[in-house]
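Printed here is data08.cif (mmCIF, C-alpha atoms and all ligand atoms):
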data_target
#
loop_
_atom_site.label_atom_id
_atom_site.label_comp_id
_atom_site.auth_asym_id
_atom_site.auth_seq_id
_atom_site.Cartn_x
_atom_site.Cartn_y
_atom_site.Cartn_z
CA MET A 1 13.83 -12.21 17.97
CA GLU A 2 17.49 -12.16 17.14
CA ILE A 3 19.40 -8.92 16.53
CA ILE A 4 22.84 -9.29 15.02
CA ILE A 5 25.02 -6.19 14.93
CA LYS A 6 28.36 -6.97 13.38
CA LYS A 7 30.67 -5.77 10.66
CA GLY A 8 30.48 -8.19 7.73
CA SER A 9 27.44 -9.99 9.16
CA ILE A 10 25.52 -9.78 5.88
CA LYS A 11 27.68 -12.74 4.84
CA LYS A 12 26.12 -14.78 7.65
CA LEU A 13 22.61 -14.51 6.27
CA LYS A 14 22.57 -18.06 4.92
CA SER A 15 23.07 -19.66 8.32
CA ILE A 16 20.34 -17.50 9.89
CA VAL A 17 17.88 -18.35 7.12
CA ASP A 18 18.82 -22.05 7.21
CA GLU A 19 17.96 -22.12 10.88
CA LEU A 20 14.47 -20.76 10.17
CA SER A 21 14.14 -23.11 7.17
CA PRO A 22 11.35 -21.19 5.44
CA TYR A 23 9.26 -22.77 2.69
CA LYS A 24 10.13 -19.86 0.38
CA THR A 25 11.96 -16.56 0.71
CA ALA A 26 11.25 -13.19 -0.92
CA VAL A 27 13.51 -10.15 -0.62
CA ILE A 28 11.72 -6.82 -0.73
CA THR A 29 14.06 -4.03 -1.71
CA ASN A 30 14.29 -0.97 -3.95
CA THR A 31 16.07 -0.10 -7.19
CA THR A 32 18.98 1.58 -5.36
CA LEU A 33 19.73 -1.35 -3.06
CA GLU A 34 19.19 -3.76 -5.95
CA LYS A 35 22.36 -2.41 -7.56
CA LEU A 36 24.40 -2.22 -4.38
CA TRP A 37 23.57 -5.04 -1.98
CA LEU A 38 21.00 -7.46 -3.37
CA ASP A 39 23.63 -9.73 -4.96
CA LYS A 40 25.24 -10.30 -1.56
CA ILE A 41 21.95 -11.91 -0.54
CA LEU A 42 21.08 -13.78 -3.70
CA ASP A 43 24.61 -15.23 -3.75
CA GLN A 44 23.85 -16.97 -0.47
CA ILE A 45 20.19 -17.95 -0.50
CA ASN A 46 17.53 -18.93 -2.93
CA ALA A 47 15.09 -16.02 -2.87
CA VAL A 48 12.65 -14.18 -5.13
CA PRO A 49 13.51 -10.46 -5.33
CA ILE A 50 10.63 -7.99 -5.28
CA VAL A 51 12.07 -4.64 -6.35
CA ILE A 52 10.20 -1.42 -5.75
CA PRO A 53 11.07 2.07 -7.02
CA ASP A 54 13.04 4.19 -4.54
CA GLY A 55 11.07 6.78 -2.57
CA GLU A 56 8.85 7.42 0.45
CA GLU A 57 5.85 7.71 -1.91
CA PHE A 58 6.12 3.98 -2.62
CA LYS A 59 5.54 3.15 1.05
CA SER A 60 1.88 2.80 0.16
CA LEU A 61 -1.07 0.44 0.16
CA GLU A 62 -0.77 0.19 -3.64
CA THR A 63 2.77 -1.14 -3.29
CA ALA A 64 1.69 -3.47 -0.50
CA GLN A 65 -1.01 -4.81 -2.81
CA GLN A 66 1.53 -5.45 -5.56
CA ILE A 67 3.66 -7.32 -3.05
CA TRP A 68 0.71 -9.43 -1.83
CA LYS A 69 -0.15 -10.31 -5.45
CA LYS A 70 3.42 -11.32 -6.17
CA LEU A 71 3.50 -13.47 -3.03
CA ILE A 72 0.36 -15.31 -4.14
CA GLU A 73 1.88 -15.77 -7.60
CA ILE A 74 4.93 -17.51 -6.13
CA SER A 75 2.81 -19.63 -3.76
CA PHE A 76 4.11 -17.95 -0.63
CA THR A 77 2.85 -19.38 2.66
CA ARG A 78 2.87 -18.40 6.30
CA ARG A 79 5.94 -20.53 6.78
CA SER A 80 7.76 -18.44 4.16
CA LEU A 81 10.16 -15.60 4.88
CA ILE A 82 10.05 -11.97 3.80
CA ILE A 83 13.37 -10.14 4.04
CA GLY A 84 13.26 -6.34 3.95
CA LEU A 85 16.50 -4.90 2.59
CA GLY A 86 17.00 -1.12 2.67
CA GLY A 87 16.30 2.00 4.65
CA GLY A 88 13.27 2.65 6.83
CA VAL A 89 10.96 2.82 3.84
CA MET A 90 11.82 -0.75 2.88
CA THR A 91 11.87 -2.14 6.41
CA ASP A 92 8.48 -0.54 7.23
CA LEU A 93 6.94 -1.78 3.98
CA ALA A 94 8.39 -5.30 4.11
CA ALA A 95 7.36 -5.65 7.75
CA PHE A 96 3.85 -4.42 6.94
CA ALA A 97 3.57 -6.93 4.08
CA ALA A 98 4.87 -9.74 6.30
CA SER A 99 2.51 -8.91 9.16
CA THR A 100 -0.58 -8.83 6.95
CA PHE A 101 -0.01 -11.61 4.40
CA MET A 102 -1.95 -14.69 5.59
CA ARG A 103 -2.00 -13.13 9.07
CA GLY A 104 1.75 -13.08 9.27
CA THR A 105 4.78 -14.70 7.64
CA TYR A 106 8.33 -15.00 8.91
CA LEU A 107 10.16 -11.68 8.75
CA GLY A 108 13.82 -10.70 8.61
CA LEU A 109 15.11 -7.13 8.30
CA ILE A 110 18.42 -5.95 6.89
CA PRO A 111 18.44 -2.19 7.50
CA THR A 112 20.98 -0.31 5.41
CA THR A 113 20.64 3.32 6.54
CA LEU A 114 21.89 4.59 9.88
CA LEU A 115 18.35 5.73 10.67
CA ALA A 116 16.90 2.29 9.99
CA GLN A 117 19.70 0.50 11.88
CA VAL A 118 19.21 2.48 15.09
CA ASP A 119 15.51 3.14 14.82
CA ALA A 120 13.14 2.03 12.03
CA ALA A 121 14.08 -1.66 12.05
CA ILE A 122 13.95 -1.88 15.84
CA GLY A 123 10.81 -2.04 17.93
CA GLY A 124 8.20 -3.77 15.78
CA LYS A 125 6.33 -0.86 14.21
CA THR A 126 5.35 -1.41 10.59
CA GLY A 127 3.44 0.85 8.28
CA VAL A 128 2.48 2.51 5.05
CA ASN A 129 1.43 6.07 4.31
CA PHE A 130 -2.27 6.62 3.65
CA GLU A 131 -3.64 10.16 3.66
CA GLY A 132 -0.81 10.91 6.06
CA LYS A 133 2.43 9.37 7.28
CA ASN A 134 2.26 5.85 8.75
CA ILE A 135 -1.51 5.99 9.16
CA ILE A 136 -1.98 2.31 8.35
CA GLY A 137 0.27 -0.12 10.17
CA THR A 138 0.74 -2.91 12.64
CA PHE A 139 2.99 -3.98 15.50
CA TYR A 140 4.93 -7.04 14.37
CA LEU A 141 8.26 -8.30 15.61
CA PRO A 142 10.72 -9.75 13.08
CA ASN A 143 12.37 -13.15 13.53
CA PHE A 144 15.72 -11.48 12.98
CA VAL A 145 17.33 -8.11 12.34
CA LEU A 146 20.72 -8.23 10.72
CA ILE A 147 22.69 -5.00 11.03
CA ASP A 148 25.93 -4.81 9.10
CA PRO A 149 27.64 -1.41 9.51
CA GLU A 150 29.54 -2.16 6.27
CA THR A 151 26.35 -1.45 4.33
CA LEU A 152 26.65 2.20 5.40
CA LYS A 153 29.72 2.56 3.19
CA THR A 154 27.54 3.16 0.13
CA LEU A 155 25.14 5.49 1.93
CA PRO A 156 25.25 9.16 0.83
CA GLU A 157 26.64 11.54 3.48
CA VAL A 158 23.34 13.40 3.81
CA GLU A 159 21.66 10.13 4.87
CA ILE A 160 24.37 9.56 7.49
CA VAL A 161 23.75 13.03 8.92
CA ASN A 162 20.01 12.33 8.81
CA GLY A 163 20.54 9.18 10.90
CA PHE A 164 22.50 11.17 13.44
CA GLY A 165 19.32 13.12 14.23
CA GLU A 166 18.03 9.97 15.96
CA VAL A 167 21.46 9.02 17.32
CA VAL A 168 21.74 12.39 19.09
CA LYS A 169 18.25 11.77 20.51
CA TYR A 170 19.56 8.55 22.10
CA GLY A 171 22.50 10.55 23.40
CA ILE A 172 20.11 12.77 25.35
CA LEU A 173 18.07 9.80 26.59
CA ASP A 174 21.09 7.82 27.72
CA SER A 175 24.34 8.99 29.29
CA ARG A 176 26.40 6.08 27.84
CA VAL A 177 25.44 7.07 24.31
CA TYR A 178 26.10 10.70 25.24
CA LYS A 179 29.66 9.86 26.34
CA LYS A 180 30.25 7.89 23.13
CA LEU A 181 29.08 10.82 21.05
CA LYS A 182 31.27 13.29 22.94
CA SER A 183 34.35 11.28 21.96
CA PHE A 184 32.98 10.14 18.59
CA ARG A 185 35.39 9.27 15.80
CA LYS A 186 33.54 6.93 13.48
CA ILE A 187 30.36 4.89 13.29
CA ASP A 188 31.08 1.44 14.64
CA GLU A 189 29.18 -1.60 15.92
CA GLU A 190 29.43 -0.29 19.47
CA LEU A 191 27.64 2.97 18.77
CA ILE A 192 24.86 1.22 16.84
CA ARG A 193 24.52 -1.40 19.59
CA GLU A 194 24.28 1.24 22.33
CA CYS A 195 21.51 3.05 20.43
CA VAL A 196 19.64 -0.17 19.68
CA ASN A 197 19.86 -1.16 23.34
CA VAL A 198 18.34 2.13 24.47
CA LYS A 199 15.40 1.61 22.12
CA LEU A 200 15.01 -2.07 23.05
CA ARG A 201 15.03 -1.34 26.77
CA ILE A 202 12.25 1.19 26.36
CA VAL A 203 10.21 -0.83 23.86
CA GLU A 204 10.41 -4.03 25.90
CA GLU A 205 8.56 -2.25 28.66
CA ASP A 206 5.92 -0.80 26.37
CA LEU A 207 5.52 -2.29 22.87
CA ARG A 208 2.28 -0.51 22.05
CA GLU A 209 3.26 2.97 23.11
CA SER A 210 0.83 3.42 25.96
CA GLY A 211 3.35 4.91 28.33
CA LYS A 212 7.11 4.70 28.55
CA ARG A 213 7.68 4.28 24.80
CA ARG A 214 6.55 7.87 24.39
CA ILE A 215 9.92 9.09 25.62
CA LEU A 216 11.33 7.88 22.29
CA ASN A 217 9.38 10.76 20.82
CA LEU A 218 11.86 13.20 22.33
CA GLY A 219 12.33 15.92 19.70
CA HIS A 220 9.42 14.62 17.65
CA THR A 221 6.71 17.06 18.81
CA ALA A 222 8.36 20.00 17.06
CA GLY A 223 10.11 17.64 14.61
CA HIS A 224 6.87 16.34 13.13
CA ALA A 225 5.58 19.90 12.86
CA VAL A 226 8.69 20.91 10.86
CA GLU A 227 8.28 17.88 8.57
CA LYS A 228 4.66 18.74 7.98
CA ALA A 229 5.23 22.47 7.44
CA SER A 230 7.95 21.66 4.89
CA ASN A 231 5.68 19.19 3.11
CA TYR A 232 8.17 16.49 4.08
CA ARG A 233 11.01 18.17 2.22
CA VAL A 234 12.96 18.37 5.48
CA LYS A 235 14.16 14.84 6.20
CA HIS A 236 13.03 13.14 9.40
CA GLY A 237 16.43 13.14 11.17
CA PHE A 238 16.99 16.82 10.37
CA ALA A 239 13.49 17.68 11.61
CA VAL A 240 14.13 15.68 14.80
CA ALA A 241 17.34 17.67 15.31
CA ILE A 242 15.37 20.92 15.18
CA GLY A 243 12.84 19.32 17.53
CA LEU A 244 15.60 18.32 19.95
CA MET A 245 16.82 21.91 20.03
CA ALA A 246 13.26 23.09 20.70
CA SER A 247 12.85 20.57 23.55
CA ALA A 248 16.19 21.59 25.03
CA LEU A 249 15.32 25.30 24.94
CA ILE A 250 11.86 24.70 26.40
CA ALA A 251 13.43 22.54 29.11
CA GLU A 252 15.89 25.32 29.89
CA LYS A 253 12.96 27.65 30.59
CA VAL A 254 10.93 25.06 32.49
CA ASN A 255 13.49 23.17 34.55
CA GLY A 256 16.86 24.86 34.01
CA PHE A 257 18.32 22.17 31.70
CA ASP A 258 21.58 23.23 30.01
CA SER A 259 20.55 23.43 26.33
CA GLY A 260 24.21 23.94 25.36
CA LYS A 261 24.72 20.18 25.73
CA VAL A 262 22.25 19.49 22.94
CA GLU A 263 23.50 22.35 20.81
CA GLU A 264 27.04 21.04 21.05
CA LEU A 265 26.04 17.59 19.75
CA LEU A 266 23.92 19.00 16.94
CA ASP A 267 26.88 21.13 15.84
CA LYS A 268 29.26 18.21 16.07
CA PHE A 269 27.15 16.16 13.65
CA SER A 270 26.32 19.08 11.32
CA LEU A 271 22.64 18.95 12.21
CA PRO A 272 20.33 21.98 12.00
CA LYS A 273 19.24 23.93 15.08
CA ARG A 274 17.02 26.49 13.43
CA HIS A 275 13.97 26.49 11.18
CA SER A 276 12.48 28.80 8.58
CA PHE A 277 8.75 28.42 9.27
CA GLU A 278 6.08 30.59 10.84
CA PRO A 279 6.10 29.73 14.56
CA LYS A 280 2.28 29.88 14.69
CA GLU A 281 2.07 27.38 11.82
CA LEU A 282 4.35 24.98 13.67
CA LEU A 283 2.30 25.40 16.81
CA GLU A 284 -0.92 24.50 15.00
CA ALA A 285 0.74 21.46 13.42
CA MET A 286 1.84 20.31 16.89
CA LYS A 287 -1.69 20.50 18.22
CA ILE A 288 -3.09 18.18 15.54
CA ASP A 289 -0.18 15.73 15.40
CA LYS A 290 -1.38 12.13 15.72
CA LYS A 291 0.92 11.66 18.67
CA ALA A 292 -0.29 14.86 20.34
CA TRP A 293 -2.40 14.67 23.43
CA TYR A 294 -5.81 15.86 22.25
CA GLY A 295 -4.66 19.32 21.25
CA ARG A 296 -2.54 19.84 24.35
CA LEU A 297 1.11 20.79 23.94
CA VAL A 298 2.95 17.94 25.56
CA PHE A 299 6.72 17.70 25.29
CA ILE A 300 9.36 15.21 26.30
CA LEU A 301 11.79 17.45 28.17
CA PRO A 302 15.33 16.62 29.25
CA GLU A 303 16.05 17.37 32.89
CA GLU A 304 19.62 16.23 32.57
CA ILE A 305 21.43 13.89 30.16
CA GLY A 306 19.86 10.46 30.70
CA LYS A 307 16.67 11.75 32.32
CA VAL A 308 13.54 13.09 30.65
CA THR A 309 10.02 13.92 31.79
CA ILE A 310 6.77 14.24 29.87
CA ARG A 311 5.14 17.60 30.52
CA GLU A 312 2.45 19.85 29.21
CA VAL A 313 3.99 23.21 28.29
CA GLU A 314 2.29 26.59 28.11
CA GLU A 315 1.69 27.83 24.59
CA LYS A 316 3.53 31.11 25.19
CA ILE A 317 6.72 29.30 26.17
CA VAL A 318 6.61 27.11 23.05
CA LEU A 319 5.92 30.11 20.85
CA ALA A 320 8.80 32.11 22.35
CA VAL A 321 11.22 29.24 21.71
CA LEU A 322 10.01 28.75 18.12
CA GLU A 323 10.39 32.51 17.52
CA ALA A 324 13.92 32.47 18.90
CA MET A 325 14.81 29.49 16.68
CA LYS A 326 13.54 31.04 13.47
CA ASN A 327 16.15 31.82 10.85
CA ASP A 328 16.18 35.46 9.87
CA SER A 329 18.09 37.32 7.18
CA ARG A 330 21.08 37.85 9.50
CA ASP A 331 21.73 34.07 9.38
CA ASN A 332 21.72 33.87 5.59
N1 LIG B 401 9.03 1.73 12.14
C1 LIG B 401 9.63 2.65 12.85
O1 LIG B 401 9.72 2.57 14.08
C2 LIG B 401 10.26 3.83 12.16
C3 LIG B 401 11.09 4.69 12.87
C4 LIG B 401 11.69 5.74 12.19
C5 LIG B 401 11.46 5.91 10.84
N2 LIG B 401 10.62 5.06 10.17
C6 LIG B 401 10.36 5.23 8.73
O2 LIG B 401 11.60 5.15 8.04
C7 LIG B 401 11.49 5.87 6.82
C8 LIG B 401 12.75 6.67 6.62
O3 LIG B 401 13.84 5.80 6.58
P1 LIG B 401 15.27 6.22 5.98
O4 LIG B 401 15.67 7.50 6.54
O5 LIG B 401 16.13 5.04 6.11
O6 LIG B 401 14.92 6.54 4.44
P2 LIG B 401 14.91 5.64 3.13
O7 LIG B 401 14.48 4.28 3.39
O8 LIG B 401 14.14 6.43 2.12
O9 LIG B 401 16.44 5.64 2.67
C9 LIG B 401 17.06 6.85 2.32
C10 LIG B 401 17.75 6.73 0.95
O10 LIG B 401 18.94 5.97 1.09
C11 LIG B 401 18.97 4.92 0.13
N3 LIG B 401 19.76 3.84 0.72
C12 LIG B 401 19.42 3.02 1.74
N4 LIG B 401 20.44 2.26 2.11
C13 LIG B 401 21.48 2.58 1.30
C14 LIG B 401 22.82 2.15 1.22
N5 LIG B 401 23.34 1.28 2.07
N6 LIG B 401 23.60 2.69 0.25
C15 LIG B 401 23.10 3.64 -0.60
N7 LIG B 401 21.85 4.11 -0.54
C16 LIG B 401 21.05 3.58 0.40
C17 LIG B 401 17.52 4.62 -0.10
O11 LIG B 401 17.33 3.93 -1.32
C18 LIG B 401 16.92 6.01 -0.10
O12 LIG B 401 17.12 6.64 -1.34
C19 LIG B 401 10.24 6.70 6.92
O13 LIG B 401 9.24 6.14 6.10
C20 LIG B 401 9.83 6.59 8.37
O14 LIG B 401 8.44 6.67 8.56
C21 LIG B 401 10.04 4.03 10.80
#

If you took the structure in this file and wrote it as structure tokens, what would it be?
Ligand SMILES: NC(=O)c1ccc[n+]([C@@H]2O[C@H](COP(=O)([O-])OP(=O)(O)OC[C@H]3O[C@@H](n4cnc5c(N)ncnc54)[C@H](O)[C@@H]3O)[C@@H](O)[C@H]2O)c1
Amino acid sequence: MEIIIKKGSIKKLKSIVDELSPYKTAVITNTTLEKLWLDKILDQINAVPIVIPDGEEFKSLETAQQIWKKLIEISFTRRSLIIGLGGGVMTDLAAFAASTFMRGTYLGLIPTTLLAQVDAAIGGKTGVNFEGKNIIGTFYLPNFVLIDPETLKTLPEVEIVNGFGEVVKYGILDSRVYKKLKSFRKIDEELIRECVNVKLRIVEEDLRESGKRRILNLGHTAGHAVEKASNYRVKHGFAVAIGLMASALIAEKVNGFDSGKVEELLDKFSLPKRHSFEPKELLEAMKIDKKAWYGRLVFILPEEIGKVTIREVEEKIVLAVLEAMKNDSRDN
């Protein structure tokens, strides 16, 4: 698997595809990216675009079926290449289609949101939503991931902030990323590369999430609960930010971690630290999360920047932290 992280690298797509020399190529993207970035691809390579409406609700089995049908129509084979162009919705969907069609085609990903560049397109998880988020999916590594920070220029600010939810997570997991974030000026190749490297290092040791990979779920125990309680109106990166604050505050009570370090980063990137849900509701959502440990409250807790542990936490501690983080009228 090749990961290219370079400004302007989208222009190098032709040489990467030529090297693979696929029988056919299809680009799976959405109506937003179609207007902004698809031409940069079709100018270079001969490919069939498959354009899907924009939205998480289209990351579905129905859409996957439409893609499979289209691939049959154009006589796609296993030696053909699917390129996923877009945010995490597109990279998850394209990767799912590639992993399932004829037991697996070639796959290339061109992530165009910060969240997809540092997270969704890295690590080989694919999926569609089915009665719940990412319930149906596979592990499938792409042949290449092409990350061009230039593509972020057209990304709305709110999506940049959303991506920083995951970037701040890497900052807690890794002291190099933390230092970069402390002196942050702008998003550059270096920052993306540092984040990608943290994820790769962890995933290489544990592709199927049986052990170490779980530490990438830092902030996700409470984060998933916030997403669920909001009916997915709170974006993933924002929910993770709230989850990071929760983990930091729980850690402070359990092992004396300085939660101010997390708070400072969340403030710096305009991420939320508080929530507006019933703490008990969040607690229940945590217990039934698919990544939960059979109803036990298990958290990834920072001990210091660059070091986390996985620990079961007493319900009363979690509840106290969620109560303290709840927005009340004084904040409005
Ligand atoms: N596979 C994994 O490991 C993994 C990890 C994290 C998240 N995910 C998945 O990623 C998805 C969320 O991804 P996301 O946050 O990128 O959301 P997204 O894919 O919905 O993109 C957000 C919005 O930005 C638009 N957009 C994308 N790139 C753009 C650009 N360059 N310019 C202008 N607009 C652009 C999209 O069309 C969309 O409207 C979720 O489905 C989540 O489950 C997967």

Neighbours of ligand LIG 401 (chain B) within 7 Å, counting only C-alpha atoms and all ligand atoms, as a PDB file with C-alpha atoms, keeping the file's coordinate frame?
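Saved as pocket38.pdb:
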ATOM      1  CA  ASN A  30      14.290  -0.970  -3.950  1.00  0.00           C
ATOM      2  CA  THR A  32      18.980   1.580  -5.360  1.00  0.00           C
ATOM      3  CA  LEU A  33      19.730  -1.350  -3.060  1.00  0.00           C
ATOM      4  CA  LEU A  36      24.400  -2.220  -4.380  1.00  0.00           C
ATOM      5  CA  ASP A  54      13.040   4.190  -4.540  1.00  0.00           C
ATOM      6  CA  GLY A  55      11.070   6.780  -2.570  1.00  0.00           C
ATOM      7  CA  GLU A  56       8.850   7.420   0.450  1.00  0.00           C
ATOM      8  CA  LYS A  59       5.540   3.150   1.050  1.00  0.00           C
ATOM      9  CA  GLY A  86      17.000  -1.120   2.670  1.00  0.00           C
ATOM     10  CA  GLY A  87      16.300   2.000   4.650  1.00  0.00           C
ATOM     11  CA  GLY A  88      13.270   2.650   6.830  1.00  0.00           C
ATOM     12  CA  VAL A  89      10.960   2.820   3.840  1.00  0.00           C
ATOM     13  CA  MET A  90      11.820  -0.750   2.880  1.00  0.00           C
ATOM     14  CA  ASP A  92       8.480  -0.540   7.230  1.00  0.00           C
ATOM     15  CA  THR A 112      20.980  -0.310   5.410  1.00  0.00           C
ATOM     16  CA  THR A 113      20.640   3.320   6.540  1.00  0.00           C
ATOM     17  CA  LEU A 114      21.890   4.590   9.880  1.00  0.00           C
ATOM     18  CA  LEU A 115      18.350   5.730  10.670  1.00  0.00           C
ATOM     19  CA  ALA A 116      16.900   2.290   9.990  1.00  0.00           C
ATOM     20  CA  ASP A 119      15.510   3.140  14.820  1.00  0.00           C
ATOM     21  CA  ALA A 120      13.140   2.030  12.030  1.00  0.00           C
ATOM     22  CA  ALA A 121      14.080  -1.660  12.050  1.00  0.00           C
ATOM     23  CA  ILE A 122      13.950  -1.880  15.840  1.00  0.00           C
ATOM     24  CA  GLY A 123      10.810  -2.040  17.930  1.00  0.00           C
ATOM     25  CA  GLY A 124       8.200  -3.770  15.780  1.00  0.00           C
ATOM     26  CA  LYS A 125       6.330  -0.860  14.210  1.00  0.00           C
ATOM     27  CA  THR A 126       5.350  -1.410  10.590  1.00  0.00           C
ATOM     28  CA  GLY A 127       3.440   0.850   8.280  1.00  0.00           C
ATOM     29  CA  LYS A 133       2.430   9.370   7.280  1.00  0.00           C
ATOM     30  CA  ASN A 134       2.260   5.850   8.750  1.00  0.00           C
ATOM     31  CA  THR A 151      26.350  -1.450   4.330  1.00  0.00           C
ATOM     32  CA  LEU A 152      26.650   2.200   5.400  1.00  0.00           C
ATOM     33  CA  LYS A 153      29.720   2.560   3.190  1.00  0.00           C
ATOM     34  CA  THR A 154      27.540   3.160   0.130  1.00  0.00           C
ATOM     35  CA  LEU A 155      25.140   5.490   1.930  1.00  0.00           C
ATOM     36  CA  PRO A 156      25.250   9.160   0.830  1.00  0.00           C
ATOM     37  CA  GLU A 159      21.660  10.130   4.870  1.00  0.00           C
ATOM     38  CA  ASN A 162      20.010  12.330   8.810  1.00  0.00           C
ATOM     39  CA  GLY A 163      20.540   9.180  10.900  1.00  0.00           C
ATOM     40  CA  HIS A 236      13.030  13.140   9.400  1.00  0.00           C
TER      41      HIS A 236
END

- Within 12 Å of A:Phe144, counting all atoms listed in the file, which residues show up once you throw out same-chain ones fewer than 5 positions away? Write them as an MDAnalysis selection string, please. chainID A and resid 1:5 13 15:17 19:20 81:84 95 106:111 121:124

- Task: Using all atoms listed in the file, give me every residue within 10 Å of (24.4, -10.2, 0.0) in file coordinates, as a list of chain:residue names.
- Result: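 Answer for this query, in the requested form: A:Ser9, A:Ile10, A:Lys11, A:Lys12, A:Leu13, A:Lys14, A:Leu36, A:Trp37, A:Leu38, A:Asp39, A:Lys40, A:Ile41, A:Leu42, A:Asp43, A:Gln44, A:Ile45, A:Leu85, A:Thr151.
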
- Provide the atom CA of A:Glu34 to atom CA of A:Pro53 distance in Å, to one decimal place.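 Rounded to one decimal, the two atoms are 10.1 Å apart.
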
- Task: Rank nothing, just name the residue among A:Glu281, A:Gly171, A:Asn217, A:Ile288 nearest to A:Val196, using all atoms listed in the file.
- Result: A:Gly171

- Select, from A:Thr309, A:Ser259, A:Asn197, A:Thr138, the residue with the minimum atom-to-atom distance to A:Ile215, counting all atoms listed in the file.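 That would be A:Thr309, the residue with the smallest distance to A:Ile215.
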